[in-house]
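The data block below is final-v3.cif; it holds mmCIF, C-alpha atoms.
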```
data_run
#
loop_
_atom_site.group_PDB
_atom_site.id
_atom_site.type_symbol
_atom_site.label_atom_id
_atom_site.label_comp_id
_atom_site.auth_asym_id
_atom_site.auth_seq_id
_atom_site.Cartn_x
_atom_site.Cartn_y
_atom_site.Cartn_z
ATOM 1 C CA MET F 243 107.707 94.189 70.544
ATOM 2 C CA GLU F 244 106.181 90.825 71.341
ATOM 3 C CA GLY F 245 105.801 90.005 67.679
ATOM 4 C CA TYR F 246 109.383 91.054 67.113
ATOM 5 C CA LEU F 247 110.616 88.704 69.801
ATOM 6 C CA ILE F 248 108.423 85.804 68.775
ATOM 7 C CA ASN F 249 109.190 86.065 65.070
ATOM 8 C CA ASP F 250 112.912 86.762 65.323
ATOM 9 C CA THR F 251 114.106 84.711 68.291
ATOM 10 C CA ALA F 252 116.474 82.767 66.065
ATOM 11 C CA ASN F 253 118.283 86.016 65.313
ATOM 12 C CA LEU F 254 118.376 87.251 68.919
ATOM 13 C CA SER F 255 120.404 85.967 71.821
ATOM 14 C CA ASN F 256 118.701 85.265 75.127
ATOM 15 C CA GLU F 257 120.552 88.287 76.508
ATOM 16 C CA ALA F 258 119.069 90.534 73.817
ATOM 17 C CA ILE F 259 115.565 89.189 74.447
ATOM 18 C CA ILE F 260 115.871 89.741 78.214
ATOM 19 C CA ASP F 261 117.295 93.230 77.632
ATOM 20 C CA GLU F 262 114.244 94.077 75.519
ATOM 21 C CA LEU F 263 111.883 92.602 78.092
ATOM 22 C CA MET F 264 113.554 94.627 80.845
ATOM 23 C CA GLN F 265 113.390 97.836 78.809
ATOM 24 C CA ASN F 266 109.770 97.350 77.780
ATOM 25 C CA TYR F 267 108.320 95.756 80.912
ATOM 26 C CA GLY F 268 110.739 96.474 83.771
ATOM 27 C CA GLU F 269 108.697 99.308 85.301
ATOM 28 C CA ASP F 270 105.430 97.409 84.849
ATOM 29 C CA VAL F 271 106.843 94.298 86.533
ATOM 30 C CA LEU F 272 108.129 96.449 89.401
ATOM 31 C CA LYS F 273 104.666 97.998 89.873
ATOM 32 C CA LEU F 274 103.064 94.555 89.719
ATOM 33 C CA VAL F 275 105.444 93.192 92.360
ATOM 34 C CA MET F 276 104.763 96.250 94.563
ATOM 35 C CA GLN F 277 101.105 95.218 94.646
ATOM 36 C CA TYR F 278 102.175 92.086 96.457
ATOM 37 C CA VAL F 279 105.066 93.096 98.707
ATOM 38 C CA HIS F 280 104.317 96.777 99.546
ATOM 39 C CA ASN F 281 108.020 97.492 99.923
ATOM 40 C CA ASN F 282 110.002 99.346 97.279
ATOM 41 C CA SER F 283 113.437 97.847 97.958
ATOM 42 C CA VAL F 284 112.038 94.299 98.194
ATOM 43 C CA ALA F 285 110.065 94.862 94.978
ATOM 44 C CA GLU F 286 113.242 96.012 93.210
ATOM 45 C CA ASP F 287 115.130 92.923 94.405
ATOM 46 C CA LEU F 288 112.303 90.603 93.405
ATOM 47 C CA THR F 289 112.047 92.263 89.988
ATOM 48 C CA GLN F 290 115.733 91.550 89.384
ATOM 49 C CA GLU F 291 115.219 87.951 90.495
ATOM 50 C CA ILE F 292 112.232 87.653 88.149
ATOM 51 C CA PHE F 293 114.289 88.718 85.139
ATOM 52 C CA VAL F 294 117.056 86.293 86.131
ATOM 53 C CA LYS F 295 114.431 83.563 86.382
ATOM 54 C CA CYS F 296 113.070 84.556 82.948
ATOM 55 C CA TYR F 297 116.555 84.473 81.467
ATOM 56 C CA ARG F 298 117.094 80.949 82.774
ATOM 57 C CA ALA F 299 113.646 79.786 81.626
ATOM 58 C CA LEU F 300 113.748 81.455 78.202
ATOM 59 C CA PRO F 301 115.030 78.337 76.375
ATOM 60 C CA SER F 302 111.958 76.444 77.599
ATOM 61 C CA PHE F 303 109.456 79.180 76.640
ATOM 62 C CA SER F 304 107.096 77.500 74.181
ATOM 63 C CA TYR F 305 105.256 80.575 72.822
ATOM 64 C CA ASP F 306 101.882 79.029 73.738
ATOM 65 C CA SER F 307 101.052 82.413 75.249
ATOM 66 C CA SER F 308 102.438 85.889 74.668
ATOM 67 C CA ILE F 309 105.825 86.590 76.174
ATOM 68 C CA LYS F 310 104.216 89.328 78.302
ATOM 69 C CA THR F 311 101.708 86.842 79.762
ATOM 70 C CA TRP F 312 104.574 84.452 80.478
ATOM 71 C CA LEU F 313 106.552 87.229 82.190
ATOM 72 C CA TRP F 314 103.535 88.303 84.276
ATOM 73 C CA ARG F 315 102.907 84.693 85.351
ATOM 74 C CA ILE F 316 106.515 84.378 86.513
ATOM 75 C CA ALA F 317 106.319 87.730 88.337
ATOM 76 C CA ILE F 318 103.081 86.859 90.137
ATOM 77 C CA ASN F 319 104.249 83.370 91.114
ATOM 78 C CA HIS F 320 107.616 84.705 92.320
ATOM 79 C CA SER F 321 105.878 87.409 94.366
ATOM 80 C CA LYS F 322 103.512 84.892 95.929
ATOM 81 C CA ASP F 323 106.418 82.550 96.711
ATOM 82 C CA TYR F 324 108.201 85.428 98.429
ATOM 83 C CA LEU F 325 105.116 86.233 100.520
ATOM 84 C CA LYS F 326 104.960 82.594 101.644
ATOM 85 C CA SER F 327 108.635 82.588 102.637
ATOM 86 C CA TRP F 328 109.843 82.648 106.228
ATOM 87 C CA TYR F 329 111.815 85.833 105.544
ATOM 88 C CA ALA F 330 108.769 87.768 104.345
ATOM 89 C CA LYS F 331 106.678 86.646 107.297
ATOM 90 C CA ASN F 332 109.285 87.222 109.991
ATOM 91 C CA VAL F 333 111.770 89.871 108.879
ATOM 92 C CA GLU F 334 110.491 92.321 106.259
ATOM 93 C CA ALA F 335 108.778 95.571 107.223
ATOM 94 C CA LYS F 336 106.417 97.356 104.887
ATOM 95 C CA ASP F 337 107.533 100.782 103.609
ATOM 96 C CA GLY F 338 104.165 101.996 102.304
ATOM 97 C CA VAL F 339 105.261 103.209 98.862
ATOM 98 C CA LEU F 340 102.480 101.938 96.642
ATOM 99 C CA PHE F 341 102.118 103.794 93.352
ATOM 100 C CA VAL F 342 104.189 106.328 91.493
ATOM 101 C CA GLN F 343 102.217 109.522 91.033
ATOM 102 C CA VAL F 344 102.215 111.175 87.615
ATOM 103 C CA GLU F 345 102.832 114.938 87.586
ATOM 104 C CA SER F 346 100.154 117.183 86.168
ATOM 105 C CA SER F 347 99.548 120.877 85.598
ATOM 106 C CA VAL F 348 96.640 121.348 88.012
ATOM 107 C CA SER F 349 96.390 123.793 90.882
ATOM 108 C CA VAL F 350 98.039 122.981 94.186
ATOM 109 C CA GLU F 351 94.641 122.568 95.862
ATOM 110 C CA GLN F 352 93.429 120.188 93.170
ATOM 111 C CA GLU F 353 96.690 118.285 93.336
ATOM 112 C CA VAL F 354 96.445 117.874 97.122
ATOM 113 C CA ILE F 355 92.807 116.736 96.905
ATOM 114 C CA GLN F 356 93.605 114.331 94.056
ATOM 115 C CA LYS F 357 96.600 112.940 95.928
ATOM 116 C CA GLN F 358 94.468 112.341 99.020
ATOM 117 C CA GLU F 359 91.765 110.619 96.959
ATOM 118 C CA ASP F 360 94.389 108.541 95.127
ATOM 119 C CA ASN F 361 95.925 107.495 98.443
ATOM 120 C CA GLU F 362 92.508 106.525 99.810
ATOM 121 C CA LEU F 363 91.836 104.442 96.712
ATOM 122 C CA VAL F 364 95.272 102.813 96.820
ATOM 123 C CA ASN F 365 94.882 102.016 100.517
ATOM 124 C CA ALA F 366 91.431 100.545 99.901
ATOM 125 C CA VAL F 367 92.752 98.392 97.042
ATOM 126 C CA MET F 368 95.754 97.272 99.095
ATOM 127 C CA ALA F 369 93.464 96.280 101.984
ATOM 128 C CA LEU F 370 91.621 93.793 99.763
ATOM 129 C CA PRO F 371 92.498 90.098 99.936
ATOM 130 C CA ILE F 372 95.194 89.283 97.359
ATOM 131 C CA LYS F 373 92.913 87.307 95.027
ATOM 132 C CA TYR F 374 90.744 90.404 94.536
ATOM 133 C CA ARG F 375 93.613 92.879 94.585
ATOM 134 C CA GLU F 376 95.469 91.106 91.780
ATOM 135 C CA VAL F 377 92.497 91.083 89.377
ATOM 136 C CA ILE F 378 91.718 94.741 90.116
ATOM 137 C CA TYR F 379 95.365 95.635 89.517
ATOM 138 C CA LEU F 380 95.601 93.663 86.268
ATOM 139 C CA CYS F 381 92.274 95.015 85.013
ATOM 140 C CA TYR F 382 92.566 98.700 85.893
ATOM 141 C CA TYR F 383 96.297 99.367 86.110
ATOM 142 C CA GLU F 384 97.555 96.957 83.442
ATOM 143 C CA GLU F 385 94.349 97.148 81.359
ATOM 144 C CA GLN F 386 94.381 93.429 80.647
ATOM 145 C CA SER F 387 91.436 91.578 79.145
ATOM 146 C CA MET F 388 89.603 88.818 81.004
ATOM 147 C CA LYS F 389 91.438 86.226 78.899
ATOM 148 C CA GLU F 390 94.842 87.782 79.602
ATOM 149 C CA MET F 391 94.105 87.897 83.338
ATOM 150 C CA ALA F 392 92.957 84.259 83.268
ATOM 151 C CA ASP F 393 96.171 83.273 81.460
ATOM 152 C CA VAL F 394 98.409 85.228 83.831
ATOM 153 C CA LEU F 395 96.702 83.964 86.976
ATOM 154 C CA GLN F 396 96.166 80.479 85.558
ATOM 155 C CA ILE F 397 92.488 80.462 86.478
ATOM 156 C CA ASN F 398 89.234 80.214 84.543
ATOM 157 C CA GLU F 399 87.857 83.396 82.909
ATOM 158 C CA ASN F 400 84.637 83.025 84.887
ATOM 159 C CA THR F 401 86.687 82.963 88.087
ATOM 160 C CA VAL F 402 88.364 86.200 86.987
ATOM 161 C CA LYS F 403 84.950 87.790 86.380
ATOM 162 C CA THR F 404 83.673 86.614 89.755
ATOM 163 C CA ARG F 405 86.760 87.872 91.599
ATOM 164 C CA LEU F 406 86.617 91.198 89.780
ATOM 165 C CA ARG F 407 82.946 91.665 90.621
ATOM 166 C CA LYS F 408 83.495 90.695 94.276
ATOM 167 C CA GLY F 409 86.637 92.844 94.484
ATOM 168 C CA LYS F 410 84.760 95.879 93.167
ATOM 169 C CA GLN F 411 81.961 95.258 95.699
ATOM 170 C CA LEU F 412 84.453 95.036 98.562
ATOM 171 C CA LEU F 413 86.265 98.125 97.311
ATOM 172 C CA LYS F 414 83.014 100.071 97.074
ATOM 173 C CA LYS F 415 82.104 99.089 100.653
ATOM 174 C CA ARG F 416 85.536 100.154 101.950
ATOM 175 C CA LEU F 417 85.389 103.486 100.187
ATOM 176 C CA GLU F 418 81.830 104.164 101.382
ATOM 177 C CA CYS F 419 82.822 103.336 104.965
ATOM 178 C CA GLU F 420 85.799 105.718 104.770
ATOM 179 C CA GLU F 421 83.597 108.425 103.272
ATOM 180 C CA HIS F 422 80.945 108.136 105.998
ATOM 181 C CA GLY F 423 83.259 107.121 108.824
#
```

Will you turn the file into C-alpha cells for me?
Amino acid sequence: MEGYLINDTANLSNEAIIDELMQNYGEDVLKLVMQYVHNNSVAEDLTQEIFVKCYRALPSFSYDSSIKTWLWRIAINHSKDYLKSWYAKNVEAKDGVLFVQVESSVSVEQEVIQKQEDNELVNAVMALPIKYREVIYLCYYEEQSMKEMADVLQINENTVKTRLRKGKQLLKKRLECEEHG
C-alpha cells in the first residue's frame, strides 16, 4: 500500500490517501495511542484527531520516510502532547482497556490462564516509563526494526537499542517480582 500511495499520489486525492491510511492503519494507530492514554474513548478521539492532522499535513509530506513512519510519528507526538495537556492531567480517568484479545480454540482453562498471563504482561508493560514502553510496543506489537523505531521516535538507533534493553530488564524484574510476590 505504501508503494501505491507514494508512486501514485498524483492520481489520488488527499481524501483518497487518508481513506486508505485509515483503512490500513486505523486499528494500529488506535492501539498505539492506547499505549499512551490507557483510555479507549480518549484513544478513539485522539485517533480521529491524528487522521485530521495527517489530512491537513499531507500536502507537506516530503516522502523522506515511509508514509507509515510519518503517520506513527504524528500519532506518537499527538499522544504525548495530549498527555502533557491540562485536560489529561486534571480531568481524564483511566478506563483500563489495554489490548484487544484475539479469540482462539483452546480449552476454557487454558484460555483463562493465558488471559491472566496476558493481563500480567500488559500491566507490567504499562507500568514501565513511557520511553521504555514505547520501544517495547513498537518492537513487539508493531514488529518494527530498530531503524523504523528510530525514525518514528526521532532518536538515534543506539538510543532505541539502549531503551529496549533497559525496558526488557525492567519488565523482567517486574514480572519476577509479581511471580515471587

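Candidate residues F:Leu380, F:Leu272, F:Leu417, F:Cys296 were compared for distance to Val284 (chain F), and the nearest is F:Leu272, using all atoms listed in the file.
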
Give me, as CSV, the closest atom pair and its distance (Å, one decimal) for every residue of region 266-334 of chain F within a cut-off of 10 Å of region 387-392 of chain F, counting only C-alpha atoms, rows sorted by chain and rising number.
```
residue,atom,partner,partner_atom,distance
F:Ser307,CA,F:Glu390,CA,9.3
F:Ser308,CA,F:Glu390,CA,9.3
F:Lys310,CA,F:Glu390,CA,9.6
F:Thr311,CA,F:Glu390,CA,6.9
F:Trp314,CA,F:Met391,CA,9.5
F:Arg315,CA,F:Met391,CA,9.6
```

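Here CA of Leu395 (chain F) and CA of Ile318 (chain F) stand 7.7 Å from one another.
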
Would you kindly identify which residues have an atom no farther than 12 Å from (93.1, 106.4, 97.5), using only C-alpha atoms and the file's own coordinates, and write them out as an mmCIF file with C-alpha atoms, in the coordinates of the input?
```cif
data_model
loop_
_atom_site.group_PDB
_atom_site.id
_atom_site.type_symbol
_atom_site.label_atom_id
_atom_site.label_comp_id
_atom_site.auth_asym_id
_atom_site.auth_seq_id
_atom_site.Cartn_x
_atom_site.Cartn_y
_atom_site.Cartn_z
ATOM 1 C CA LEU F 340 102.480 101.938 96.642
ATOM 2 C CA PHE F 341 102.118 103.794 93.352
ATOM 3 C CA GLN F 343 102.217 109.522 91.033
ATOM 4 C CA VAL F 354 96.445 117.874 97.122
ATOM 5 C CA ILE F 355 92.807 116.736 96.905
ATOM 6 C CA GLN F 356 93.605 114.331 94.056
ATOM 7 C CA LYS F 357 96.600 112.940 95.928
ATOM 8 C CA GLN F 358 94.468 112.341 99.020
ATOM 9 C CA GLU F 359 91.765 110.619 96.959
ATOM 10 C CA ASP F 360 94.389 108.541 95.127
ATOM 11 C CA ASN F 361 95.925 107.495 98.443
ATOM 12 C CA GLU F 362 92.508 106.525 99.810
ATOM 13 C CA LEU F 363 91.836 104.442 96.712
ATOM 14 C CA VAL F 364 95.272 102.813 96.820
ATOM 15 C CA ASN F 365 94.882 102.016 100.517
ATOM 16 C CA ALA F 366 91.431 100.545 99.901
ATOM 17 C CA VAL F 367 92.752 98.392 97.042
ATOM 18 C CA MET F 368 95.754 97.272 99.095
ATOM 19 C CA ALA F 369 93.464 96.280 101.984
ATOM 20 C CA LEU F 413 86.265 98.125 97.311
ATOM 21 C CA LYS F 414 83.014 100.071 97.074
ATOM 22 C CA ARG F 416 85.536 100.154 101.950
ATOM 23 C CA LEU F 417 85.389 103.486 100.187
ATOM 24 C CA GLU F 420 85.799 105.718 104.770
ATOM 25 C CA GLU F 421 83.597 108.425 103.272
#
```

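With CA of Tyr297 (chain F) on one side and CA of Asn256 (chain F) on the other, the separation reads 6.7 Å.
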
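Take CA of Gly409 (chain F) and CA of Cys381 (chain F): the distance between them is 11.2 Å.
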
What's around Asn266 (chain F) at 12 Å? Count only C-alpha atoms, leave out sequence neighbours fewer than 2 positions away in its own chain, and write the answer as a PyMOL selection string.
chain F and resi 243-244+247+259-264+268-272+309-310+313

At a cut-off of 8 Å, using only C-alpha atoms, what residues contact Tyr278 (chain F)? Leave out same-chain residues fewer than 6 positions from it and give the result as an MDAnalysis selection string.
chainID F and resid 321:322 325 372

With C-alpha atoms retained, export the selected residues as a tab-separated table (two decimals), keeping the file's coordinate frame.
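Written output follows (selection.tsv):
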```
chain	number	residue	atom	x	y	z
F	321	SER	CA	105.88	87.41	94.37
F	322	LYS	CA	103.51	84.89	95.93
F	325	LEU	CA	105.12	86.23	100.52
F	372	ILE	CA	95.19	89.28	97.36
```

Give, as AutoDock Vina command-line options, the centre coordinates and the x, y and z edge lengths in Å to one decimal for an axis-aligned box around all listed atoms of region 353-368 of chain F, padded by 5 Å on each side.
```
--center_x 94.1 --center_y 107.8 --center_z 96.9 --size_x 15.3 --size_y 31.0 --size_z 17.2
```

Take the PyMOL selection byres ((chain F and resi 285) around 10), apply it to the structure above, and return the hits as a ChimeraX atom specification.
/F:271-284,286-291,321

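With distances taken over all atoms listed in the file, F:Leu370 is the one residue among F:Leu370, F:Glu384, F:Phe303, F:Tyr324 lying closest to Lys415 (chain F).
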
Check the smallest atom-to-atom distance from each of F:Asp323, F:Ile378, F:Arg298, F:Tyr383 to Gln411 (chain F) using all atoms listed in the file, then report the winner.
F:Ile378
